[in-house]
file protein.txt (compact mmCIF, C-alpha atoms)
# COMPACT_ATOMS: atom_id res chain seq x y z
CA MET U 1 0.00 0.00 0.00
CA VAL U 2 1.00 3.58 -0.44
CA THR U 3 2.57 4.99 2.67
CA PRO U 4 3.40 8.54 3.65
CA ASN U 5 7.04 7.58 3.32
CA THR U 6 6.59 6.55 -0.28
CA PHE U 7 4.93 9.77 -1.34
CA PRO U 8 5.22 13.01 0.58
CA LEU U 9 1.76 13.87 -0.70
CA ILE U 10 -1.12 11.82 -2.00
CA VAL U 11 -3.95 13.77 -3.55
CA ASP U 12 -7.13 11.78 -3.21
CA LEU U 13 -9.85 13.03 -5.54
CA PRO U 14 -13.21 11.73 -4.39
CA LEU U 15 -15.01 9.75 -7.06
CA THR U 16 -18.53 8.44 -7.17
CA ASP U 17 -19.06 4.68 -6.95
CA SER U 18 -19.97 4.53 -10.62
CA GLN U 19 -16.77 6.31 -11.57
CA LYS U 20 -14.79 3.80 -9.51
CA MET U 21 -16.66 1.01 -11.26
CA GLU U 22 -15.42 2.43 -14.54
CA GLY U 23 -11.92 1.66 -13.40
CA ARG U 24 -10.86 5.16 -12.47
CA SER U 25 -8.16 5.62 -9.90
CA GLU U 26 -8.52 8.68 -7.74
CA LEU U 27 -4.94 8.96 -6.53
CA ILE U 28 -2.24 11.35 -7.63
CA GLY U 29 1.17 10.68 -6.15
CA VAL U 30 3.13 13.86 -5.76
CA CYS U 31 6.85 13.56 -5.19
CA GLU U 32 10.17 15.17 -5.99
CA ALA U 33 13.52 14.12 -7.42
CA LYS U 34 12.47 10.48 -7.92
CA ASP U 35 14.05 8.34 -10.61
CA SER U 36 12.41 6.34 -13.38
CA GLU U 37 12.48 3.06 -11.49
CA PHE U 38 10.59 4.63 -8.61
CA ILE U 39 7.74 6.02 -10.68
CA LEU U 40 7.45 2.83 -12.72
CA SER U 41 7.34 0.60 -9.67
CA GLN U 42 4.75 2.82 -7.98
CA ALA U 43 2.55 2.69 -11.06
CA ILE U 44 3.00 -1.07 -11.52
CA SER U 45 2.90 -2.32 -7.95
CA GLU U 46 0.97 0.30 -6.03
CA GLY U 47 -1.56 1.20 -8.68
CA ILE U 48 -0.80 4.90 -8.63
CA ASP U 49 -2.01 6.09 -12.02
CA HIS U 50 -0.67 9.62 -11.82
CA ILE U 51 2.78 10.45 -10.54
CA VAL U 52 3.70 14.09 -10.72
CA GLN U 53 7.01 15.50 -9.57
CA LYS U 54 7.24 18.94 -8.03
CA ASP U 55 10.55 19.66 -9.71
CA SER U 56 9.38 18.65 -13.18
CA ILE U 57 8.60 21.02 -16.02
CA ALA U 58 5.05 22.43 -15.87
CA PHE U 59 4.12 20.97 -12.49
CA ASP U 60 0.83 22.93 -12.29
CA GLN U 61 -0.32 21.75 -15.71
CA GLU U 62 0.69 18.17 -14.90
CA MET U 63 -1.43 18.27 -11.73
CA ALA U 64 -4.37 19.79 -13.60
CA LEU U 65 -4.04 17.13 -16.30
CA ALA U 66 -4.04 14.36 -13.68
CA THR U 67 -7.25 15.78 -12.25
CA LEU U 68 -8.79 16.00 -15.71
CA MET U 69 -7.83 12.41 -16.58
CA ILE U 70 -9.39 11.20 -13.33
CA ARG U 71 -12.57 13.23 -13.53
CA ASP U 72 -13.14 13.33 -17.29
CA PRO U 73 -10.90 10.88 -19.17
CA GLN U 74 -12.88 11.29 -22.37
CA SER U 75 -11.58 14.85 -22.60
CA PHE U 76 -8.08 13.47 -22.79
CA PHE U 77 -9.05 11.15 -25.64
CA ASN U 78 -10.86 13.97 -27.45
CA TYR U 79 -8.38 16.79 -26.87
CA PRO U 80 -5.04 15.26 -25.92
CA LEU U 81 -2.77 18.17 -26.79
CA SER U 82 -4.82 20.84 -25.06
CA SER U 83 -5.39 18.49 -22.11
CA ILE U 84 -1.63 18.31 -21.62
CA LEU U 85 -0.55 21.82 -22.57
CA ASP U 86 -3.55 23.76 -21.28
CA PRO U 87 -5.66 21.39 -19.17
CA THR U 88 -8.00 23.96 -17.72
CA ARG U 89 -9.04 24.98 -21.24
CA ALA U 90 -9.08 21.59 -22.97
CA SER U 91 -11.60 21.90 -25.78
CA SER U 92 -11.94 21.44 -29.52
CA GLU U 93 -11.10 25.12 -30.11
CA ARG U 94 -7.98 24.99 -27.98
CA GLU U 95 -6.98 21.68 -29.57
CA LEU U 96 -7.12 23.28 -33.00
CA GLU U 97 -4.89 26.11 -31.81
CA LEU U 98 -2.31 23.85 -30.23
CA CYS U 99 -2.24 21.01 -32.75
CA LYS U 100 0.36 21.93 -35.36
CA VAL U 101 0.00 18.76 -37.38
CA ARG U 102 -2.10 15.62 -37.34
CA VAL U 103 -1.40 12.82 -39.80
CA LYS U 104 -3.56 9.81 -40.54
CA CYS U 105 -1.76 6.55 -41.23
CA SER U 106 -3.85 3.85 -42.86
CA SER U 107 -1.22 1.22 -43.52
CA ARG U 108 2.11 0.11 -42.17
CA THR U 109 3.88 1.34 -45.27
CA GLU U 110 2.61 4.88 -44.72
CA ARG U 111 4.28 5.24 -41.33
CA HIS U 112 7.61 6.62 -42.61
CA GLU U 113 5.76 9.25 -44.60
CA ALA U 114 3.68 10.12 -41.53
CA VAL U 115 6.81 10.61 -39.44
CA ALA U 116 8.44 12.70 -42.19
CA THR U 117 5.38 14.97 -42.35
CA VAL U 118 5.45 15.49 -38.60
CA LEU U 119 9.18 16.25 -38.59
CA LYS U 120 8.84 18.74 -41.41
CA THR U 121 6.32 20.74 -39.38
CA VAL U 122 8.80 21.44 -36.62
CA GLU U 123 12.03 21.53 -38.61
CA GLY U 124 13.97 24.76 -38.09
CA GLN U 125 12.07 25.56 -34.89
CA ILE U 126 13.89 23.18 -32.58
CA ASN U 127 17.53 22.14 -32.35
CA ASP U 128 18.79 19.15 -34.32
CA ARG U 129 19.19 16.97 -31.28
CA LEU U 130 15.58 17.43 -30.24
CA LEU U 131 14.52 16.77 -33.83
CA ALA U 132 16.46 13.49 -33.80
CA ASP U 133 14.74 12.43 -30.58
CA LEU U 134 11.36 13.41 -31.94
CA ARG U 135 12.06 11.17 -34.92
CA VAL U 136 12.85 8.24 -32.64
CA ILE U 137 9.72 8.72 -30.55
CA ALA U 138 7.36 9.31 -33.46
CA THR U 139 8.71 6.27 -35.32
CA GLU U 140 8.42 3.96 -32.33
CA LEU U 141 4.90 5.12 -31.45
CA ILE U 142 3.54 4.85 -34.97
CA THR U 143 5.27 1.48 -35.43
CA ASN U 144 3.58 0.15 -32.30
CA ALA U 145 0.26 1.53 -33.47
CA THR U 146 0.59 -0.10 -36.89
CA ILE U 147 1.43 -3.40 -35.21
CA HIS U 148 -1.82 -3.07 -33.28
CA GLY U 149 -3.50 -2.70 -36.63
CA THR U 150 -1.64 -5.41 -38.50
CA ILE U 151 -1.77 -7.97 -35.73
CA LYS U 152 -5.21 -7.08 -34.60
CA ASP U 153 -6.25 -10.59 -33.61
CA ASP U 154 -3.38 -11.09 -31.20
CA LEU U 155 -3.88 -9.43 -27.86
CA SER U 156 -1.07 -11.20 -26.10
CA ASP U 157 1.95 -9.12 -26.97
CA VAL U 158 1.17 -6.21 -29.16
CA THR U 159 3.51 -3.79 -27.51
CA ALA U 160 6.83 -5.34 -28.44
CA VAL U 161 8.46 -3.90 -31.51
CA THR U 162 10.12 -6.77 -33.25
CA ASP U 163 10.38 -7.77 -36.86
CA LEU U 164 7.13 -6.52 -38.32
CA LYS U 165 7.18 -8.84 -41.29
CA LYS U 166 7.79 -11.85 -39.07
CA LEU U 167 5.14 -10.77 -36.60
CA ALA U 168 2.65 -10.31 -39.36
CA ALA U 169 3.52 -13.63 -40.96
CA ASP U 170 3.28 -15.46 -37.65
CA ASN U 171 -0.21 -14.11 -37.27
CA GLY U 172 -1.24 -14.97 -40.77
CA LYS U 173 -1.40 -11.34 -41.83
CA SER U 174 0.26 -9.53 -44.66
CA PRO U 175 2.30 -6.61 -43.37
CA ASP U 176 0.11 -4.47 -45.56
CA ALA U 177 -3.14 -6.03 -44.45
CA PRO U 178 -5.98 -3.56 -44.03
CA MET U 179 -5.99 -1.93 -40.65
CA LEU U 180 -7.91 0.71 -38.83
CA PRO U 181 -6.14 4.04 -39.19
CA CYS U 182 -3.89 5.46 -36.53
CA PHE U 183 -2.94 9.07 -36.02
CA LEU U 184 0.23 10.93 -35.24
CA GLY U 185 0.07 14.50 -33.98
CA LEU U 186 2.27 17.22 -32.64
CA GLY U 187 1.74 20.36 -30.59
CA TRP U 188 3.89 22.64 -28.49
CA ASP U 189 4.10 25.71 -26.33
CA ASP U 190 7.15 27.62 -25.09
CA GLU U 191 8.18 24.83 -22.72
CA ARG U 192 7.06 21.48 -24.04
CA LEU U 193 6.74 19.58 -27.29
CA ILE U 194 4.00 16.94 -27.22
CA ILE U 195 3.87 13.95 -29.55
CA MET U 196 0.54 12.19 -29.76
CA CYS U 197 -0.23 8.77 -31.22
CA ARG U 198 -3.68 7.24 -31.29
CA ASP U 199 -4.91 3.92 -32.59
CA LEU U 200 -8.45 2.60 -32.74
CA TYR U 201 -7.87 -0.81 -31.16
CA GLY U 202 -7.51 -0.21 -27.45
CA THR U 203 -5.48 -3.37 -26.93
CA LEU U 204 -2.47 -1.93 -25.14
CA LYS U 205 -1.81 -3.44 -21.73
CA SER U 206 -0.30 -0.43 -20.09
CA ARG U 207 1.02 -1.99 -16.88
CA GLU U 208 2.67 -4.83 -18.80
CA LEU U 209 4.26 -2.22 -20.99
CA LEU U 210 5.58 -0.36 -17.95
CA GLU U 211 6.88 -3.61 -16.48
CA ARG U 212 8.88 -4.24 -19.65
CA ILE U 213 10.39 -0.79 -19.43
CA ARG U 214 11.16 -1.31 -15.75
CA ARG U 215 12.92 -4.60 -16.45
CA ALA U 216 14.88 -3.09 -19.31
CA ILE U 217 16.08 -0.29 -17.03
CA ALA U 218 16.87 -2.60 -14.15
CA PHE U 219 18.58 -5.40 -16.04
CA GLY U 220 19.55 -3.83 -19.35
CA THR U 221 17.86 -4.12 -22.70
CA SER U 222 20.44 -6.64 -23.80
CA LEU U 223 19.50 -9.13 -21.09
CA SER U 224 15.82 -8.71 -21.89
CA ILE U 225 16.53 -9.60 -25.51
CA ASN U 226 18.92 -12.43 -24.74
CA TYR U 227 16.57 -14.05 -22.28
CA GLY U 228 13.91 -14.55 -24.88
CA GLU U 229 11.63 -11.57 -24.59
CA GLY U 230 11.83 -10.77 -28.29
CA GLY U 231 11.56 -7.05 -28.90
CA ALA U 232 11.07 -6.74 -25.18
CA GLY U 233 9.96 -3.16 -25.18
CA ILE U 234 13.16 -1.72 -26.60
CA GLY U 235 11.10 0.82 -28.46
CA THR U 236 9.02 1.86 -25.50
CA HIS U 237 12.13 1.92 -23.33
CA MET U 238 13.66 4.32 -25.85
CA VAL U 239 10.52 6.46 -25.84
CA PHE U 240 10.32 6.54 -22.05
CA ASP U 241 14.03 7.25 -21.74
CA LEU U 242 13.85 10.25 -24.06
CA SER U 243 10.64 11.74 -22.67
CA ILE U 244 10.05 13.90 -19.63
CA SER U 245 6.42 12.84 -19.29
CA MET U 246 4.44 9.93 -20.62
CA TYR U 247 0.66 9.79 -20.90
CA ILE U 248 -1.05 6.48 -21.64
CA ALA U 249 -4.80 6.03 -21.93
CA VAL U 250 -6.64 2.93 -23.08
CA ALA U 251 -10.34 2.34 -23.54
CA GLN U 252 -12.35 0.06 -25.75
CA GLY U 253 -11.53 0.97 -29.32
CA GLN U 254 -8.78 3.44 -28.64
CA THR U 255 -5.27 3.76 -27.28
CA MET U 256 -3.72 7.16 -26.81
CA ILE U 257 -0.05 7.56 -26.01
CA CYS U 258 1.53 10.96 -25.70
CA THR U 259 4.96 11.99 -24.56
CA ALA U 260 6.51 15.33 -23.71
CA LEU U 261 9.94 16.71 -24.53
CA PRO U 262 11.36 20.02 -23.34
CA MET U 263 11.42 22.60 -26.13
CA ARG U 264 14.81 23.96 -25.12
CA GLY U 265 18.01 22.53 -23.77
CA GLY U 266 20.24 19.64 -24.63
CA TRP U 267 20.39 16.01 -23.60
CA LYS U 268 22.22 16.65 -20.36
CA ARG U 269 19.49 18.94 -19.08
CA ARG U 270 16.84 16.44 -20.09
CA GLU U 271 18.63 13.56 -18.40
CA ASN U 272 18.50 15.54 -15.19
CA LEU U 273 14.82 16.41 -15.43
CA THR U 274 12.45 14.27 -13.40
CA LYS U 275 9.71 12.40 -15.20
CA ASN U 276 5.93 12.33 -14.75
CA LEU U 277 3.64 9.46 -15.59
CA HIS U 278 -0.10 9.40 -16.24
CA LEU U 279 -2.21 6.31 -16.87
CA TYR U 280 -5.83 5.69 -17.57
CA CYS U 281 -7.24 2.29 -18.32
CA ALA U 282 -10.99 1.94 -18.70
CA ALA U 283 -12.71 -1.15 -17.43
CA ASP U 284 -13.59 -2.11 -21.00
CA ALA U 285 -10.07 -1.66 -22.38
CA ASN U 286 -8.24 -4.53 -24.09
CA VAL U 287 -11.48 -5.82 -25.56
CA LEU U 288 -11.72 -5.95 -29.33
CA GLU U 289 -15.09 -5.37 -30.86
CA GLU U 290 -16.17 -8.16 -33.17
CA ALA U 291 -17.09 -5.67 -35.88
CA LYS U 292 -13.43 -4.76 -36.24
CA MET K 1 45.66 -10.14 -39.66
CA THR K 2 42.71 -9.87 -42.07
CA VAL K 3 40.55 -6.87 -41.39
CA LYS K 4 37.39 -6.02 -43.25
CA GLU K 5 36.36 -2.38 -43.28
CA ILE K 6 32.73 -1.37 -43.71
CA ALA K 7 31.15 2.07 -43.72
CA ILE K 8 27.47 2.04 -42.83
CA THR K 9 25.74 4.86 -44.65
CA THR K 10 22.09 4.07 -44.02
CA ALA K 11 19.77 4.04 -41.05
CA ILE K 12 20.01 0.90 -38.91
CA ASN K 13 16.46 -0.37 -38.88
CA GLU K 14 14.33 -3.35 -39.90
CA ASP K 15 15.76 -3.22 -43.43
CA PHE K 16 19.38 -3.34 -42.34
CA GLU K 17 21.30 -6.63 -42.42
CA PHE K 18 24.55 -7.01 -40.48
CA PRO K 19 27.28 -9.05 -42.23
CA ARG K 20 27.38 -12.70 -41.32
CA GLU K 21 29.81 -14.32 -43.77
CA MET K 22 33.17 -13.70 -42.10
CA GLY K 23 35.37 -16.42 -43.64
CA THR K 24 38.81 -16.20 -42.07
CA LEU K 25 38.49 -12.63 -40.92
CA LYS K 26 40.17 -11.67 -37.68
CA ALA K 27 38.52 -8.30 -37.35
CA ILE K 28 35.72 -6.25 -38.77
CA ARG K 29 35.97 -2.47 -38.56
CA MET K 30 32.74 -0.49 -38.93
CA ASP K 31 32.64 3.24 -39.62
CA LEU K 32 29.32 4.44 -38.19
CA SER K 33 29.74 8.18 -38.82
CA LYS K 34 27.01 8.30 -41.47
CA VAL K 35 24.37 6.52 -39.41
CA SER K 36 21.71 9.15 -38.85
CA TYR K 37 19.22 6.96 -37.11
CA ILE K 38 18.82 3.65 -35.33
CA ASN K 39 15.40 2.45 -34.25
CA SER K 40 14.37 -0.26 -31.81
CA GLU K 41 14.47 -3.03 -34.40
CA GLY K 42 17.92 -1.83 -35.50
CA THR K 43 19.04 -1.89 -31.89
CA ARG K 44 17.69 -5.40 -31.44
CA ARG K 45 19.49 -6.57 -34.59
CA LEU K 46 22.74 -4.92 -33.54
CA ASN K 47 22.52 -6.53 -30.11
CA SER K 48 21.73 -9.96 -31.55
CA TRP K 49 24.52 -9.70 -34.10
CA ILE K 50 27.15 -8.76 -31.49
CA TRP K 51 26.23 -11.66 -29.20
CA GLU K 52 25.89 -14.09 -32.09
CA MET K 53 29.39 -13.18 -33.32
CA GLU K 54 30.84 -13.51 -29.84
CA LYS K 55 29.37 -16.97 -29.52
CA SER K 56 30.08 -18.34 -33.00
CA LEU K 57 33.34 -16.51 -33.78
CA PRO K 58 34.98 -15.71 -30.45
CA ALA K 59 38.27 -14.78 -32.13
CA LEU K 60 36.62 -12.15 -34.31
CA SER K 61 37.14 -8.61 -33.13
CA ILE K 62 34.43 -6.03 -33.87
CA GLU K 63 35.84 -2.53 -33.98
CA LEU K 64 33.40 0.37 -34.07
CA GLU K 65 34.71 3.76 -35.08
CA LYS K 66 33.31 7.28 -35.44
CA VAL K 67 30.31 6.28 -33.38
CA PRO K 68 27.75 9.13 -33.49
CA PRO K 69 25.73 10.06 -30.39
CA VAL K 70 22.50 8.50 -31.70
CA VAL K 71 24.26 5.13 -31.92
CA ALA K 72 26.29 5.58 -28.74
CA ARG K 73 23.11 5.98 -26.72
CA GLN K 74 21.74 2.73 -28.11
CA LEU K 75 25.03 0.94 -27.45
CA SER K 76 24.69 2.16 -23.90
CA LEU K 77 21.14 0.80 -23.67
CA ILE K 78 22.30 -2.67 -24.73
CA ARG K 79 25.39 -2.38 -22.50
CA VAL K 80 27.77 -3.16 -25.31
CA GLN K 81 30.72 -2.87 -22.91
CA THR K 82 29.82 -6.30 -21.54
CA ALA K 83 30.55 -7.90 -24.91
CA ASN K 84 34.15 -9.13 -25.03
CA ASN K 85 34.43 -8.93 -28.81
CA VAL K 86 33.60 -5.24 -29.28
CA THR K 87 36.03 -2.34 -29.12
CA ILE K 88 35.03 1.25 -29.71
CA LYS K 89 37.88 3.09 -31.36
CA SER K 90 36.43 6.58 -31.63
CA ILE K 91 33.25 8.32 -30.65
CA TYR K 92 31.52 11.64 -31.35
CA VAL K 93 30.93 13.58 -28.16
CA PRO K 94 27.89 15.90 -28.23
CA TYR K 95 28.15 19.54 -27.12
CA TYR K 96 25.45 22.08 -26.40
CA CYS K 97 25.43 25.87 -26.32
CA THR K 98 23.27 27.14 -23.47
CA ASN K 99 23.51 30.65 -24.91
CA CYS K 100 21.93 30.07 -28.33
CA ASP K 101 20.43 26.53 -28.08
CA SER K 102 22.63 25.11 -30.82
CA ASP K 103 24.38 21.77 -30.76
CA ASP K 104 27.53 20.32 -32.22
CA GLU K 105 29.81 17.33 -31.77
CA THR K 106 33.46 16.46 -32.01
CA LEU K 107 35.26 13.20 -32.70
CA VAL K 108 37.31 11.80 -29.87
CA VAL K 109 39.73 8.90 -30.27
CA CYS K 110 39.08 6.69 -27.30
CA GLU K 111 42.75 6.02 -26.51
CA GLN K 112 43.18 9.76 -25.96
CA ILE K 113 40.39 10.06 -23.41
CA GLY K 114 42.22 7.99 -20.85
CA ALA K 115 40.93 6.40 -17.68
CA ALA K 116 37.31 6.73 -16.66
CA ALA K 117 38.15 8.90 -13.68
CA ASN K 118 39.66 11.54 -15.94
CA ILE K 119 37.18 11.45 -18.78
CA GLU K 120 35.51 14.77 -18.04
CA SER K 121 38.71 16.75 -17.89
CA ASN K 122 40.20 14.96 -20.89
CA LEU K 123 37.39 15.82 -23.27
CA PRO K 124 38.22 18.70 -25.64
CA LYS K 125 36.78 22.19 -25.10
CA MET K 126 34.50 23.49 -27.82
CA THR K 127 33.34 26.95 -28.88
CA CYS K 128 29.93 27.55 -30.44
CA ALA K 129 30.23 28.19 -34.17
CA LYS K 130 27.11 30.40 -34.07
CA CYS K 131 27.66 32.70 -31.09
CA GLY K 132 31.21 32.05 -29.93
CA SER K 133 30.22 31.00 -26.40
CA SER K 134 31.95 28.07 -24.84
CA MET K 135 29.86 24.91 -25.17
CA GLU K 136 29.22 22.27 -22.55
CA VAL K 137 29.47 18.52 -23.03
CA ASP K 138 25.85 17.52 -23.56
CA VAL K 139 25.92 14.20 -21.71
CA GLU K 140 27.15 12.90 -18.40
CA PRO K 141 30.67 12.02 -19.57
CA LYS K 142 31.14 8.98 -17.36
CA ALA K 143 27.80 7.45 -18.33
CA TYR K 144 28.25 8.28 -22.02
CA CYS K 145 31.76 6.90 -22.12
CA ALA K 146 30.88 3.79 -20.08
CA ILE K 147 30.56 1.89 -23.35
CA LEU K 148 34.29 2.38 -23.86
CA ARG K 149 35.00 0.15 -20.83
call {"tool": "encode", "arguments": {"input": "protein.txt", "output": "structure tokens"}}
result
Amino acid sequence: MVTPNTFPLIVDLPLTDSQKMEGRSELIGVCEAKDSEFILSQAISEGIDHIVQKDSIAFDQEMALATLMIRDPQSFFNYPLSSILDPTRASSERELELCKVRVKCSSRTERHEAVATVLKTVEGQINDRLLADLRVIATELITNATIHGTIKDDLSDVTAVTDLKKLAADNGKSPDAPMLPCFLGLGWDDERLIIMCRDLYGTLKSRELLERIRRAIAFGTSLSINYGEGGAGIGTHMVFDLSISMYIAVAQGQTMICTALPMRGGWKRRENLTKNLHLYCAADANVLEEAK
Amino acid sequence: MTVKEIAITTAINEDFEFPREMGTLKAIRMDLSKVSYINSEGTRRLNSWIWEMEKSLPALSIELEKVPPVVARQLSLIRVQTANNVTIKSIYVPYYCTNCDSDDETLVVCEQIGAAANIESNLPKMTCAKCGSSMEVDVEPKAYCAILR
């Protein structure tokens, strides 16, 4: 259980019984100067869905976002960029203002083009190093999303990025099999750059994903691969490692993953920034509709 | 000693194949300076290739040179320093200008860096080409150079 020693502050937002039945957690763990292993283990083992660090970038917005995701998770699905960058004004109008680009990807082969379009939008406005990291994150997120689409019948391990052709073949699918579209988006303000990726499957098992990242950090990616875990979350480890905040929401028929990067500064500064983590998993997540 | 030299000029991703036919080679030297990008599948393939070579050809030495930061970070993730067959000959060290938000990098020959304890002070100083300010090393030197063993 969560103890006062684990978190200096636990914000407990009262929820109605029906909201709790929907799978909503009401706890926000507030801490300071904690490392990645700490926040991952708290999310995995203690069920804390929102971990916000006082010394992170945009602490007030991160707290407001946590409240929004607890009270009104649909807003996050509808307006992800404004929910993160301007949570008290999350709306379709604000989303339009903040969303600089949104690309639809209808097949696996379109994903490189989707990433290129996103990168072009921000080119010249951020330093090359940040652009390189954005490329890594956007590629890994859209690749995961297209795996969801290509391997839509397999719910067991859709988060690992391994050989796409092999994965598809193993599941009896052509790599270019029809899939529901996924979306890649980008928005920013003076402080943070947000990358958004949404698919229409809702099959991501968020805590399993976090556990893979935790193991990769604790034991090394190499060991994870060598001990038979396949792709073993290398991609998501890379994404988590590069990001200062990660936002994961899953409900029936949709998965939304967003990550934040600082708009300014180099790698060293980013390595020293503390991370935040936000999760939402609806009670009906990880269930594929027959119609799909 | 037979050494094969290869320059990789593409991204290391799901389309990239590492060499497997080594014949009587004693060493393979890879110039990675033109690698702009390595994704998770590329990282997995690189990791698998290194360990496969160590197991099947223990006498083969893999020498990596002109390793750019994007690759160095992935080598760090897979803890390449634990592989006995890999030696990193030279590495690009990233620098950042806090004055004008620009970045740059410089090539460092690993033999010149010296012991881990002295890495920070042994790295070259760099001046920003845009504004003339002195740049800072844009990584934690000890962690970044841990892959050098």
call {"tool": "interface_residues", "arguments": {"input": "protein.txt", "of": "chain K", "to": "chain U", "cutoff": "9 Å", "atoms": "all atoms listed in the file", "output": "PyMOL selection string"}}
result
chain K and resi 14+36-41+43-44+47-48+51+70+74+77-80+94-98+101-103+137-140
call {"tool": "closest_residue", "arguments": {"input": "protein.txt", "among": "U:Val115, U:Leu65, U:Asp60, U:Leu242", "to": "K:Arg73", "atoms": "all atoms listed in the file"}}
result
U:Leu242
call {"tool": "atom_distance", "arguments": {"input": "protein.txt", "atom1": "atom CA of K:Asn118", "atom2": "atom CA of K:Lys142"}}
result
9.0 Å
call {"tool": "residues_around", "arguments": {"input": "protein.txt", "residues": "U:Leu277", "least_positions_apart": "6", "cutoff": "12 Å", "atoms": "all atoms listed in the file", "output": "MDAnalysis selection string"}}
result
chainID U and resid 28:31 34:44 47:53 56 59 62:63 65:66 69 84 206:207 210 240 243:249 257:260
call {"tool": "atom_distance", "arguments": {"input": "protein.txt", "atom1": "atom CA of K:Glu17", "atom2": "atom CA of K:Ile50"}}
result
12.6 Å
call {"tool": "residues_near_point", "arguments": {"input": "protein.txt", "point": "(-0.8, -1.1, -23.3)", "cutoff": "9 Å", "atoms": "all atoms listed in the file", "output": "VMD selection string"}}
result
chain U and resid 158 to 159 202 to 210 248 to 250 255 281 286
call {"tool": "atom_distance", "arguments": {"input": "protein.txt", "atom1": "atom CA of K:Ser76", "atom2": "atom CA of K:Val3"}}
result
25.3 Å
call {"tool": "decode", "arguments": {"input": "protein.txt", "residues": "stretch 16-66 of chain K", "atoms": "C-alpha atoms", "output": "compact mmCIF listing (two decimals), in the first residue's frame"}}
result
# COMPACT_ATOMS: atom_id res chain seq x y z
CA PHE K 16 19.38 -3.34 -42.34
CA GLU K 17 21.30 -6.63 -42.42
CA PHE K 18 24.55 -7.01 -40.48
CA PRO K 19 27.28 -9.05 -42.23
CA ARG K 20 27.38 -12.70 -41.32
CA GLU K 21 29.81 -14.32 -43.77
CA MET K 22 33.17 -13.70 -42.10
CA GLY K 23 35.37 -16.42 -43.64
CA THR K 24 38.81 -16.20 -42.07
CA LEU K 25 38.49 -12.63 -40.92
CA LYS K 26 40.17 -11.67 -37.68
CA ALA K 27 38.52 -8.30 -37.35
CA ILE K 28 35.72 -6.25 -38.77
CA ARG K 29 35.97 -2.47 -38.56
CA MET K 30 32.74 -0.49 -38.93
CA ASP K 31 32.64 3.24 -39.62
CA LEU K 32 29.32 4.44 -38.19
CA SER K 33 29.74 8.18 -38.82
CA LYS K 34 27.01 8.30 -41.47
CA VAL K 35 24.37 6.52 -39.41
CA SER K 36 21.71 9.15 -38.85
CA TYR K 37 19.22 6.96 -37.11
CA ILE K 38 18.82 3.65 -35.33
CA ASN K 39 15.40 2.45 -34.25
CA SER K 40 14.37 -0.26 -31.81
CA GLU K 41 14.47 -3.03 -34.40
CA GLY K 42 17.92 -1.83 -35.50
CA THR K 43 19.04 -1.89 -31.89
CA ARG K 44 17.69 -5.40 -31.44
CA ARG K 45 19.49 -6.57 -34.59
CA LEU K 46 22.74 -4.92 -33.54
CA ASN K 47 22.52 -6.53 -30.11
CA SER K 48 21.73 -9.96 -31.55
CA TRP K 49 24.52 -9.70 -34.10
CA ILE K 50 27.15 -8.76 -31.49
CA TRP K 51 26.23 -11.66 -29.20
CA GLU K 52 25.89 -14.09 -32.09
CA MET K 53 29.39 -13.18 -33.32
CA GLU K 54 30.84 -13.51 -29.84
CA LYS K 55 29.37 -16.97 -29.52
CA SER K 56 30.08 -18.34 -33.00
CA LEU K 57 33.34 -16.51 -33.78
CA PRO K 58 34.98 -15.71 -30.45
CA ALA K 59 38.27 -14.78 -32.13
CA LEU K 60 36.62 -12.15 -34.31
CA SER K 61 37.14 -8.61 -33.13
CA ILE K 62 34.43 -6.03 -33.87
CA GLU K 63 35.84 -2.53 -33.98
CA LEU K 64 33.40 0.37 -34.07
CA GLU K 65 34.71 3.76 -35.08
CA LYS K 66 33.31 7.28 -35.44
